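Raw coords13.txt, compact mmCIF, N, CA and C atoms:
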# COMPACT_ATOMS: atom_id res chain seq x y z
N GLN A 1 0.85 -1.19 0.00
CA GLN A 1 0.00 0.00 0.00
C GLN A 1 0.88 1.24 0.00
N GLU A 2 0.63 2.12 -0.97
CA GLU A 2 1.40 3.35 -1.03
C GLU A 2 0.96 4.29 0.08
N GLN A 3 1.95 4.82 0.76
CA GLN A 3 1.64 5.66 1.91
C GLN A 3 2.73 6.70 2.14
N LEU A 4 2.30 7.89 2.53
CA LEU A 4 3.22 8.93 2.98
C LEU A 4 2.93 9.21 4.46
N VAL A 5 3.98 9.33 5.24
CA VAL A 5 3.82 9.58 6.66
C VAL A 5 4.67 10.78 7.06
N GLU A 6 3.99 11.82 7.58
CA GLU A 6 4.70 12.99 8.05
C GLU A 6 5.05 12.85 9.53
N SER A 7 6.13 13.46 9.92
CA SER A 7 6.51 13.49 11.33
C SER A 7 7.34 14.75 11.58
N GLY A 8 7.54 15.06 12.85
CA GLY A 8 8.40 16.17 13.21
C GLY A 8 7.67 17.42 13.68
N GLY A 9 6.36 17.41 13.61
CA GLY A 9 5.62 18.57 14.07
C GLY A 9 5.70 18.73 15.58
N GLY A 10 5.21 19.86 16.06
CA GLY A 10 5.22 20.11 17.49
C GLY A 10 4.90 21.55 17.79
N SER A 11 5.14 21.92 19.03
CA SER A 11 4.89 23.28 19.48
C SER A 11 6.22 23.97 19.75
N VAL A 12 6.38 25.16 19.20
CA VAL A 12 7.60 25.92 19.39
C VAL A 12 7.24 27.38 19.61
N GLN A 13 8.19 28.10 20.18
CA GLN A 13 8.02 29.54 20.35
C GLN A 13 8.38 30.26 19.07
N PRO A 14 7.86 31.45 18.89
CA PRO A 14 8.27 32.24 17.72
C PRO A 14 9.78 32.36 17.63
N GLY A 15 10.29 32.20 16.43
CA GLY A 15 11.73 32.21 16.21
C GLY A 15 12.35 30.84 16.28
N GLY A 16 11.59 29.86 16.68
CA GLY A 16 12.10 28.51 16.81
C GLY A 16 12.19 27.78 15.48
N SER A 17 12.62 26.53 15.55
CA SER A 17 12.83 25.72 14.35
C SER A 17 12.24 24.33 14.51
N LEU A 18 11.86 23.75 13.40
CA LEU A 18 11.41 22.37 13.34
C LEU A 18 11.85 21.77 12.02
N ILE A 19 12.02 20.46 12.00
CA ILE A 19 12.28 19.76 10.75
C ILE A 19 11.18 18.72 10.57
N LEU A 20 10.43 18.88 9.51
CA LEU A 20 9.38 17.90 9.17
C LEU A 20 9.96 16.86 8.22
N SER A 21 9.51 15.64 8.39
CA SER A 21 9.90 14.55 7.50
C SER A 21 8.67 13.96 6.83
N CYS A 22 8.86 13.53 5.61
CA CYS A 22 7.81 12.87 4.84
C CYS A 22 8.41 11.58 4.30
N ALA A 23 8.03 10.47 4.91
CA ALA A 23 8.59 9.18 4.54
C ALA A 23 7.58 8.39 3.71
N ALA A 24 8.06 7.81 2.64
CA ALA A 24 7.19 7.02 1.78
C ALA A 24 7.36 5.53 2.06
N SER A 25 6.27 4.83 1.99
CA SER A 25 6.32 3.37 2.08
C SER A 25 5.43 2.78 1.00
N GLY A 26 5.83 1.62 0.50
CA GLY A 26 5.05 0.97 -0.55
C GLY A 26 5.38 1.46 -1.94
N PHE A 27 6.19 2.49 -2.05
CA PHE A 27 6.65 2.98 -3.34
C PHE A 27 7.90 3.81 -3.11
N THR A 28 8.64 4.05 -4.18
CA THR A 28 9.85 4.84 -4.05
C THR A 28 9.59 6.26 -4.58
N LEU A 29 10.14 7.23 -3.86
CA LEU A 29 9.88 8.62 -4.20
C LEU A 29 10.74 9.14 -5.35
N ASP A 30 11.69 8.34 -5.82
CA ASP A 30 12.65 8.82 -6.80
C ASP A 30 11.99 9.51 -8.00
N ASN A 31 10.88 8.99 -8.45
CA ASN A 31 10.26 9.51 -9.66
C ASN A 31 9.09 10.45 -9.37
N TYR A 32 9.04 10.94 -8.14
CA TYR A 32 7.91 11.77 -7.74
C TYR A 32 8.35 13.17 -7.33
N CYS A 33 7.63 14.14 -7.83
CA CYS A 33 7.69 15.47 -7.25
C CYS A 33 7.00 15.40 -5.89
N VAL A 34 7.55 16.07 -4.89
CA VAL A 34 6.93 16.07 -3.57
C VAL A 34 6.68 17.49 -3.13
N GLY A 35 5.50 17.71 -2.62
CA GLY A 35 5.14 19.03 -2.12
C GLY A 35 4.77 19.00 -0.65
N TRP A 36 4.98 20.14 -0.02
CA TRP A 36 4.51 20.35 1.35
C TRP A 36 3.39 21.38 1.31
N PHE A 37 2.35 21.10 2.03
CA PHE A 37 1.17 21.96 2.08
C PHE A 37 0.81 22.20 3.54
N ARG A 38 0.05 23.23 3.78
CA ARG A 38 -0.42 23.47 5.14
C ARG A 38 -1.84 24.01 5.11
N GLN A 39 -2.55 23.74 6.18
CA GLN A 39 -3.90 24.25 6.31
C GLN A 39 -4.13 24.69 7.75
N ALA A 40 -4.41 25.95 7.89
CA ALA A 40 -4.74 26.51 9.19
C ALA A 40 -6.25 26.51 9.38
N PRO A 41 -6.71 26.52 10.61
CA PRO A 41 -8.16 26.50 10.85
C PRO A 41 -8.85 27.65 10.15
N GLY A 42 -9.90 27.31 9.43
CA GLY A 42 -10.68 28.33 8.74
C GLY A 42 -10.08 28.85 7.46
N LYS A 43 -8.94 28.28 7.08
CA LYS A 43 -8.27 28.74 5.86
C LYS A 43 -8.16 27.62 4.84
N GLU A 44 -7.97 27.99 3.60
CA GLU A 44 -7.78 26.99 2.55
C GLU A 44 -6.37 26.40 2.61
N ARG A 45 -6.26 25.20 2.09
CA ARG A 45 -4.96 24.57 2.02
C ARG A 45 -4.03 25.37 1.10
N GLU A 46 -2.79 25.51 1.52
CA GLU A 46 -1.81 26.33 0.81
C GLU A 46 -0.56 25.51 0.48
N GLY A 47 -0.10 25.62 -0.74
CA GLY A 47 1.15 24.99 -1.12
C GLY A 47 2.33 25.78 -0.58
N VAL A 48 3.15 25.16 0.22
CA VAL A 48 4.27 25.84 0.86
C VAL A 48 5.55 25.69 0.06
N SER A 49 5.80 24.48 -0.41
CA SER A 49 7.06 24.21 -1.09
C SER A 49 6.92 22.94 -1.91
N GLU A 50 7.77 22.80 -2.91
CA GLU A 50 7.83 21.55 -3.66
C GLU A 50 9.25 21.34 -4.15
N ILE A 51 9.55 20.08 -4.44
CA ILE A 51 10.90 19.73 -4.89
C ILE A 51 10.81 18.72 -6.01
N SER A 52 11.65 18.91 -7.01
CA SER A 52 11.65 18.03 -8.17
C SER A 52 12.25 16.68 -7.84
N THR A 53 12.12 15.75 -8.78
CA THR A 53 12.56 14.39 -8.53
C THR A 53 14.04 14.30 -8.18
N ASP A 54 14.85 15.15 -8.85
CA ASP A 54 16.30 15.10 -8.60
C ASP A 54 16.74 16.10 -7.54
N GLY A 55 15.81 16.86 -7.04
CA GLY A 55 16.14 17.82 -5.99
C GLY A 55 16.74 19.11 -6.48
N ASN A 56 16.90 19.24 -7.79
CA ASN A 56 17.57 20.43 -8.32
C ASN A 56 16.65 21.63 -8.50
N SER A 57 15.37 21.40 -8.44
CA SER A 57 14.41 22.48 -8.61
C SER A 57 13.48 22.53 -7.41
N THR A 58 13.37 23.71 -6.82
CA THR A 58 12.50 23.87 -5.67
C THR A 58 11.63 25.11 -5.83
N TYR A 59 10.56 25.13 -5.08
CA TYR A 59 9.65 26.27 -5.08
C TYR A 59 9.27 26.56 -3.62
N TYR A 60 9.15 27.85 -3.31
CA TYR A 60 8.67 28.26 -1.99
C TYR A 60 7.63 29.36 -2.15
N VAL A 61 6.57 29.25 -1.39
CA VAL A 61 5.62 30.35 -1.36
C VAL A 61 6.32 31.56 -0.73
N GLU A 62 5.95 32.74 -1.15
CA GLU A 62 6.65 33.94 -0.75
C GLU A 62 6.79 34.08 0.77
N SER A 63 5.77 33.69 1.48
CA SER A 63 5.75 33.92 2.93
C SER A 63 6.78 33.08 3.71
N VAL A 64 7.37 32.07 3.05
CA VAL A 64 8.34 31.22 3.76
C VAL A 64 9.73 31.31 3.17
N LYS A 65 9.89 32.06 2.10
CA LYS A 65 11.20 32.17 1.46
C LYS A 65 12.24 32.69 2.46
N GLY A 66 13.39 32.06 2.45
CA GLY A 66 14.46 32.44 3.35
C GLY A 66 14.35 31.83 4.73
N ARG A 67 13.22 31.20 5.03
CA ARG A 67 13.02 30.59 6.35
C ARG A 67 12.87 29.08 6.26
N PHE A 68 12.30 28.59 5.19
CA PHE A 68 12.07 27.15 5.02
C PHE A 68 13.00 26.61 3.94
N THR A 69 13.42 25.37 4.11
CA THR A 69 14.24 24.71 3.10
C THR A 69 13.71 23.29 2.89
N ILE A 70 13.42 22.96 1.65
CA ILE A 70 12.98 21.62 1.31
C ILE A 70 14.16 20.84 0.76
N SER A 71 14.22 19.57 1.09
CA SER A 71 15.30 18.72 0.59
C SER A 71 14.78 17.29 0.51
N ARG A 72 15.52 16.47 -0.17
CA ARG A 72 15.11 15.07 -0.27
C ARG A 72 16.33 14.16 -0.19
N ASP A 73 16.11 12.99 0.34
CA ASP A 73 17.12 11.94 0.40
C ASP A 73 16.46 10.71 -0.21
N ASN A 74 16.67 10.52 -1.49
CA ASN A 74 16.01 9.42 -2.18
C ASN A 74 16.47 8.06 -1.65
N ALA A 75 17.68 8.00 -1.14
CA ALA A 75 18.16 6.74 -0.57
C ALA A 75 17.36 6.35 0.67
N LYS A 76 16.85 7.39 1.37
CA LYS A 76 16.02 7.13 2.55
C LYS A 76 14.53 7.23 2.25
N ASN A 77 14.24 7.50 0.95
CA ASN A 77 12.83 7.58 0.55
C ASN A 77 12.08 8.63 1.38
N THR A 78 12.75 9.75 1.62
CA THR A 78 12.22 10.76 2.53
C THR A 78 12.46 12.16 1.99
N VAL A 79 11.50 13.03 2.20
CA VAL A 79 11.62 14.45 1.90
C VAL A 79 11.49 15.22 3.20
N TYR A 80 12.26 16.28 3.31
CA TYR A 80 12.29 17.07 4.55
C TYR A 80 11.85 18.50 4.29
N LEU A 81 11.33 19.11 5.32
CA LEU A 81 11.06 20.55 5.29
C LEU A 81 11.65 21.14 6.56
N GLN A 82 12.76 21.84 6.38
CA GLN A 82 13.42 22.49 7.51
C GLN A 82 12.81 23.88 7.67
N MET A 83 12.29 24.14 8.84
CA MET A 83 11.60 25.40 9.10
C MET A 83 12.32 26.15 10.21
N SER A 84 12.68 27.38 9.96
CA SER A 84 13.35 28.19 10.97
C SER A 84 12.67 29.55 11.04
N SER A 85 13.03 30.32 12.05
CA SER A 85 12.42 31.64 12.27
C SER A 85 10.91 31.54 12.20
N LEU A 86 10.37 30.56 12.86
CA LEU A 86 8.94 30.30 12.78
C LEU A 86 8.13 31.44 13.38
N LYS A 87 6.99 31.69 12.76
CA LYS A 87 6.09 32.76 13.17
C LYS A 87 4.74 32.17 13.57
N PRO A 88 3.98 32.87 14.38
CA PRO A 88 2.65 32.36 14.73
C PRO A 88 1.79 32.05 13.50
N GLU A 89 1.96 32.80 12.44
CA GLU A 89 1.16 32.56 11.24
C GLU A 89 1.57 31.29 10.49
N ASP A 90 2.65 30.64 10.92
CA ASP A 90 3.02 29.34 10.35
C ASP A 90 2.24 28.19 10.99
N THR A 91 1.49 28.50 12.02
CA THR A 91 0.70 27.48 12.70
C THR A 91 -0.32 26.86 11.75
N ALA A 92 -0.27 25.54 11.62
CA ALA A 92 -1.15 24.82 10.70
C ALA A 92 -0.87 23.33 10.80
N VAL A 93 -1.72 22.56 10.16
CA VAL A 93 -1.41 21.15 9.92
C VAL A 93 -0.64 21.11 8.60
N TYR A 94 0.49 20.45 8.63
CA TYR A 94 1.35 20.36 7.45
C TYR A 94 1.22 18.96 6.85
N TYR A 95 1.04 18.93 5.54
CA TYR A 95 0.89 17.69 4.80
C TYR A 95 1.95 17.61 3.72
N CYS A 96 2.38 16.39 3.41
CA CYS A 96 3.17 16.19 2.21
C CYS A 96 2.34 15.39 1.21
N ALA A 97 2.67 15.57 -0.04
CA ALA A 97 1.95 14.89 -1.11
C ALA A 97 2.91 14.65 -2.26
N SER A 98 2.60 13.66 -3.06
CA SER A 98 3.48 13.31 -4.17
C SER A 98 2.75 13.40 -5.50
N ARG A 99 3.54 13.65 -6.52
CA ARG A 99 3.01 13.71 -7.89
C ARG A 99 4.03 13.05 -8.80
N LEU A 100 3.57 12.10 -9.60
CA LEU A 100 4.50 11.37 -10.47
C LEU A 100 5.14 12.32 -11.46
N ALA A 101 6.45 12.23 -11.54
CA ALA A 101 7.26 12.96 -12.52
C ALA A 101 7.34 14.46 -12.21
N LEU A 102 6.94 15.30 -13.18
CA LEU A 102 7.24 16.71 -13.10
C LEU A 102 6.41 17.42 -12.04
N CYS A 103 7.05 18.41 -11.40
CA CYS A 103 6.30 19.28 -10.51
C CYS A 103 5.52 20.29 -11.33
N PRO A 104 4.35 20.68 -10.85
CA PRO A 104 3.65 21.78 -11.50
C PRO A 104 4.42 23.08 -11.25
N PRO A 105 4.16 24.14 -12.01
CA PRO A 105 4.89 25.41 -11.80
C PRO A 105 4.81 25.91 -10.35
N VAL A 106 3.63 25.76 -9.77
CA VAL A 106 3.45 26.06 -8.35
C VAL A 106 2.60 24.95 -7.75
N PRO A 107 2.77 24.63 -6.48
CA PRO A 107 1.98 23.54 -5.91
C PRO A 107 0.51 23.90 -5.71
N GLY A 108 0.24 25.18 -5.56
CA GLY A 108 -1.15 25.62 -5.40
C GLY A 108 -1.81 24.96 -4.20
N SER A 109 -3.03 24.54 -4.39
CA SER A 109 -3.77 23.89 -3.32
C SER A 109 -3.53 22.39 -3.27
N GLY A 110 -2.76 21.90 -4.26
CA GLY A 110 -2.41 20.49 -4.25
C GLY A 110 -3.30 19.59 -5.09
N ARG A 111 -4.17 20.17 -5.90
CA ARG A 111 -5.12 19.33 -6.65
C ARG A 111 -4.41 18.46 -7.68
N LEU A 112 -3.17 18.79 -8.05
CA LEU A 112 -2.43 17.99 -9.01
C LEU A 112 -1.59 16.91 -8.34
N PHE A 113 -1.68 16.82 -7.03
CA PHE A 113 -0.90 15.83 -6.30
C PHE A 113 -1.79 14.66 -5.92
N GLY A 114 -1.19 13.47 -5.89
CA GLY A 114 -1.96 12.27 -5.66
C GLY A 114 -1.95 11.81 -4.22
N SER A 115 -0.95 11.03 -3.83
CA SER A 115 -0.89 10.47 -2.49
C SER A 115 -0.61 11.55 -1.46
N TRP A 116 -1.33 11.48 -0.35
CA TRP A 116 -1.21 12.45 0.73
C TRP A 116 -0.94 11.73 2.05
N GLY A 117 -0.19 12.42 2.91
CA GLY A 117 -0.01 11.93 4.26
C GLY A 117 -1.15 12.36 5.15
N GLN A 118 -1.07 11.98 6.41
CA GLN A 118 -2.15 12.27 7.35
C GLN A 118 -1.99 13.64 8.01
N GLY A 119 -0.83 14.23 7.85
CA GLY A 119 -0.58 15.56 8.40
C GLY A 119 0.09 15.53 9.75
N THR A 120 0.80 16.62 10.04
CA THR A 120 1.44 16.79 11.34
C THR A 120 1.22 18.23 11.79
N GLN A 121 0.86 18.42 13.03
CA GLN A 121 0.51 19.73 13.55
C GLN A 121 1.77 20.53 13.91
N VAL A 122 1.80 21.76 13.46
CA VAL A 122 2.85 22.70 13.85
C VAL A 122 2.17 23.87 14.53
N THR A 123 2.56 24.16 15.75
CA THR A 123 2.00 25.27 16.51
C THR A 123 3.12 26.20 16.95
N VAL A 124 3.00 27.46 16.57
CA VAL A 124 4.00 28.46 16.94
C VAL A 124 3.32 29.48 17.84
N SER A 125 3.72 29.48 19.09
CA SER A 125 3.05 30.33 20.06
C SER A 125 3.98 30.61 21.23
N SER A 126 3.84 31.81 21.79
CA SER A 126 4.62 32.15 22.97
C SER A 126 3.83 31.83 24.23
Please express what this file holds, its structure, as structure tokens.
Amino acid sequence: QEQLVESGGGSVQPGGSLILSCAASGFTLDNYCVGWFRQAPGKEREGVSEISTDGNSTYYVESVKGRFTISRDNAKNTVYLQMSSLKPEDTAVYYCASRLALCPPVPGSGRLFGSWGQGTQVTVSS
């Protein structure tokens, strides 16, 4: 069974850091674009970042540029989202999702992505 599992969420103070992991099981991520998305209460799902199959192409939504870094380790079948300088407005459930082959120009709301994880909660609060 193809599955994505996110981990690494938690509660941090503003300015803190977290590293989210997205591990695949039942399939290999090598040929998949992977995106990170988030959804805050009462808000629509937002594409935060995506990474190409070889890791050479990445995208970040403007609000996280310079603070978040996406990376992948295909040998570990895992994609990471390193988050630093966290702000209260980063509070959301974070999801990863995969899309076979090419990444879309922007991840958008994720309608072009197939397999989804169950999400991990990130809370930034003092």
Within 6 Å of Val124 (chain A) using all atoms listed in the file, minus same-chain residues under 6 positions, as a list in words: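 Surrounding residues, per the criterion: Ser11, Val12, Gln13, Pro14, Lys87, Pro88, Asp90 and Thr91 of chain A.
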Distance criterion (all atoms listed in the file): nearest to Thr53 (chain A) out of A:Ala101, A:Leu4, A:Leu81, A:Ala40: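 Of all the options, A:Ala101 lies closest to Thr53 (chain A).
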Secondary structure check, strand (DSSP E or B) residues of chain A, as a ChimeraX atom specification: /A:3-7,10-12,18-25,32-39,46-51,58-60,68-73,78-83,92-100,116,120-124
Top pick for closest residue to Ala92 (chain A), considering A:Tyr60, A:Phe37, A:Phe68, A:Trp116 and counting only N, CA and C atoms: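 Among the listed residues, A:Phe37 lies closest to Ala92 (chain A).
Among A:Val64, A:Gly114, A:Asn77, A:Gly108, the residue with the shortest atom-to-atom distance to Leu29 (chain A), counting all atoms listed in the file, is A:Asn77.
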Point (5.8, 29.9, -4.9) neighbourhood (7 Å, all atoms listed in the file) written as number ranges by chain: A: 47-49, 59-62, 105-107
Write to file, as a CSV table (one decimal), in the coordinates of the input, the residues of the selection just made, with N, CA and C atoms.
chain,number,residue,atom,x,y,z
A,47,GLY,N,-0.1,25.6,-0.7
A,47,GLY,CA,1.2,25.0,-1.1
A,47,GLY,C,2.3,25.8,-0.6
A,48,VAL,N,3.2,25.2,0.2
A,48,VAL,CA,4.3,25.8,0.9
A,48,VAL,C,5.6,25.7,0.1
A,49,SER,N,5.8,24.5,-0.4
A,49,SER,CA,7.1,24.2,-1.1
A,49,SER,C,6.9,22.9,-1.9
A,59,TYR,N,10.6,25.1,-5.1
A,59,TYR,CA,9.6,26.3,-5.1
A,59,TYR,C,9.3,26.6,-3.6
A,60,TYR,N,9.2,27.8,-3.3
A,60,TYR,CA,8.7,28.3,-2.0
A,60,TYR,C,7.6,29.4,-2.2
A,61,VAL,N,6.6,29.2,-1.4
A,61,VAL,CA,5.6,30.4,-1.4
A,61,VAL,C,6.3,31.6,-0.7
A,62,GLU,N,6.0,32.7,-1.2
A,62,GLU,CA,6.6,33.9,-0.8
A,62,GLU,C,6.8,34.1,0.8
A,105,PRO,N,4.2,24.1,-12.0
A,105,PRO,CA,4.9,25.4,-11.8
A,105,PRO,C,4.8,25.9,-10.4
A,106,VAL,N,3.6,25.8,-9.8
A,106,VAL,CA,3.4,26.1,-8.4
A,106,VAL,C,2.6,25.0,-7.8
A,107,PRO,N,2.8,24.6,-6.5
A,107,PRO,CA,2.0,23.5,-5.9
A,107,PRO,C,0.5,23.9,-5.7
Pairwise distance for CA of Ser85 (chain A) and CA of Glu44 (chain A), rounded to one decimal in Å: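 Here the two named atoms are 22.9 Å from each other.
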Nearest to Ala24 (chain A) by atom-to-atom distance, counting all atoms listed in the file, from A:Arg111, A:Lys43, A:Arg67, A:Lys76: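 For Ala24 (chain A), the nearest of the given residues is A:Lys76.
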Closest-contact table, region 58-116 of chain A side, partner region 15-22 of chain A, 5 Å, counting only N, CA and C atoms, as JSON lines:
{"residue": "A:Thr78", "atom": "CA", "partner": "A:Cys22", "partner_atom": "C", "distance": 4.3}
{"residue": "A:Val79", "atom": "C", "partner": "A:Cys22", "partner_atom": "N", "distance": 3.9}
{"residue": "A:Tyr80", "atom": "CA", "partner": "A:Leu20", "partner_atom": "C", "distance": 4.4}
{"residue": "A:Leu81", "atom": "C", "partner": "A:Leu20", "partner_atom": "N", "distance": 3.9}
{"residue": "A:Gln82", "atom": "CA", "partner": "A:Ile19", "partner_atom": "CA", "distance": 4.4}
{"residue": "A:Met83", "atom": "N", "partner": "A:Leu18", "partner_atom": "C", "distance": 4.0}
{"residue": "A:Ser84", "atom": "CA", "partner": "A:Ser17", "partner_atom": "CA", "distance": 4.2}
{"residue": "A:Ser85", "atom": "CA", "partner": "A:Gly15", "partner_atom": "CA", "distance": 4.0}
{"residue": "A:Leu86", "atom": "C", "partner": "A:Gly15", "partner_atom": "N", "distance": 3.8}
{"residue": "A:Lys87", "atom": "N", "partner": "A:Gly15", "partner_atom": "N", "distance": 5.0}
Let me see the file: selected residues, N, CA and C atoms, as a CSV table (one decimal), in the coordinates of the input.
chain,number,residue,atom,x,y,z
A,78,THR,N,12.8,9.8,1.6
A,78,THR,CA,12.2,10.8,2.5
A,78,THR,C,12.5,12.2,2.0
A,79,VAL,N,11.5,13.0,2.2
A,79,VAL,CA,11.6,14.4,1.9
A,79,VAL,C,11.5,15.2,3.2
A,80,TYR,N,12.3,16.3,3.3
A,80,TYR,CA,12.3,17.1,4.6
A,80,TYR,C,11.8,18.5,4.3
A,81,LEU,N,11.3,19.1,5.3
A,81,LEU,CA,11.1,20.6,5.3
A,81,LEU,C,11.6,21.1,6.6
A,82,GLN,N,12.8,21.8,6.4
A,82,GLN,CA,13.4,22.5,7.5
A,82,GLN,C,12.8,23.9,7.7
A,83,MET,N,12.3,24.1,8.8
A,83,MET,CA,11.6,25.4,9.1
A,83,MET,C,12.3,26.2,10.2
A,84,SER,N,12.7,27.4,10.0
A,84,SER,CA,13.4,28.2,11.0
A,84,SER,C,12.7,29.6,11.0
A,85,SER,N,13.0,30.3,12.0
A,85,SER,CA,12.4,31.6,12.3
A,85,SER,C,10.9,31.5,12.2
A,86,LEU,N,10.4,30.6,12.9
A,86,LEU,CA,8.9,30.3,12.8
A,86,LEU,C,8.1,31.4,13.4
A,87,LYS,N,7.0,31.7,12.8
A,87,LYS,CA,6.1,32.8,13.2
A,87,LYS,C,4.7,32.2,13.6
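Nearest-residue note for Ser25 (chain A): choosing from A:Arg38, A:Ser57, A:Arg45, A:Glu2, the minimum distance belongs to A:Glu2, counting only N, CA and C atoms.
With atom N of Tyr32 (chain A) on one side and atom N of Gly10 (chain A) on the other, the separation reads 26.1 Å.
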Nearby residues (only C-alpha atoms) at most 12 Å from Ser115 (chain A), same-chain spacing under 2 positions excluded, as a PyMOL selection string: chain A and resi 1-5+22-27+29+32-36+95-100+110-113+117-118
Gap from CA of Tyr94 (chain A) to CA of Thr58 (chain A) - Å, one decimal: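 It comes out at 17.6 Å.
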Option closest in space to Glu89 (chain A), from A:Thr123, A:Ser109, A:Gly55, A:Gly9 [counting only C-alpha atoms]: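 Looking at the shortest contact to Glu89 (chain A), the residue is A:Thr123.
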Those in chain A with helix (DSSP H, G or I) from DSSP, as a PyMOL selection string: chain A and resi 29-31+62-64+74-76+88-90
For the residues selected in the previous step, produce a file with N, CA and C atoms as a PDB file, in the coordinates of the input.
ATOM      1  N   LEU A  29      10.140   7.230  -3.860  1.00  0.00           N
ATOM      2  CA  LEU A  29       9.880   8.620  -4.200  1.00  0.00           C
ATOM      3  C   LEU A  29      10.740   9.140  -5.350  1.00  0.00           C
ATOM      4  N   ASP A  30      11.690   8.340  -5.820  1.00  0.00           N
ATOM      5  CA  ASP A  30      12.650   8.820  -6.800  1.00  0.00           C
ATOM      6  C   ASP A  30      11.990   9.510  -8.000  1.00  0.00           C
ATOM      7  N   ASN A  31      10.880   8.990  -8.450  1.00  0.00           N
ATOM      8  CA  ASN A  31      10.260   9.510  -9.660  1.00  0.00           C
ATOM      9  C   ASN A  31       9.090  10.450  -9.370  1.00  0.00           C
ATOM     10  N   GLU A  62       5.950  32.740  -1.150  1.00  0.00           N
ATOM     11  CA  GLU A  62       6.650  33.940  -0.750  1.00  0.00           C
ATOM     12  C   GLU A  62       6.790  34.080   0.770  1.00  0.00           C
ATOM     13  N   SER A  63       5.770  33.690   1.480  1.00  0.00           N
ATOM     14  CA  SER A  63       5.750  33.920   2.930  1.00  0.00           C
ATOM     15  C   SER A  63       6.780  33.080   3.710  1.00  0.00           C
ATOM     16  N   VAL A  64       7.370  32.070   3.050  1.00  0.00           N
ATOM     17  CA  VAL A  64       8.340  31.220   3.760  1.00  0.00           C
ATOM     18  C   VAL A  64       9.730  31.310   3.170  1.00  0.00           C
ATOM     19  N   ASN A  74      16.670  10.520  -1.490  1.00  0.00           N
ATOM     20  CA  ASN A  74      16.010   9.420  -2.180  1.00  0.00           C
ATOM     21  C   ASN A  74      16.470   8.060  -1.650  1.00  0.00           C
ATOM     22  N   ALA A  75      17.680   8.000  -1.140  1.00  0.00           N
ATOM     23  CA  ALA A  75      18.160   6.740  -0.570  1.00  0.00           C
ATOM     24  C   ALA A  75      17.360   6.350   0.670  1.00  0.00           C
ATOM     25  N   LYS A  76      16.850   7.390   1.370  1.00  0.00           N
ATOM     26  CA  LYS A  76      16.020   7.130   2.550  1.00  0.00           C
ATOM     27  C   LYS A  76      14.530   7.230   2.250  1.00  0.00           C
ATOM     28  N   PRO A  88       3.980  32.870  14.380  1.00  0.00           N
ATOM     29  CA  PRO A  88       2.650  32.360  14.730  1.00  0.00           C
ATOM     30  C   PRO A  88       1.790  32.050  13.500  1.00  0.00           C
ATOM     31  N   GLU A  89       1.960  32.800  12.440  1.00  0.00           N
ATOM     32  CA  GLU A  89       1.160  32.560  11.240  1.00  0.00           C
ATOM     33  C   GLU A  89       1.570  31.290  10.490  1.00  0.00           C
ATOM     34  N   ASP A  90       2.650  30.640  10.920  1.00  0.00           N
ATOM     35  CA  ASP A  90       3.020  29.340  10.350  1.00  0.00           C
ATOM     36  C   ASP A  90       2.240  28.190  10.990  1.00  0.00           C
TER      37      ASP A  90
END
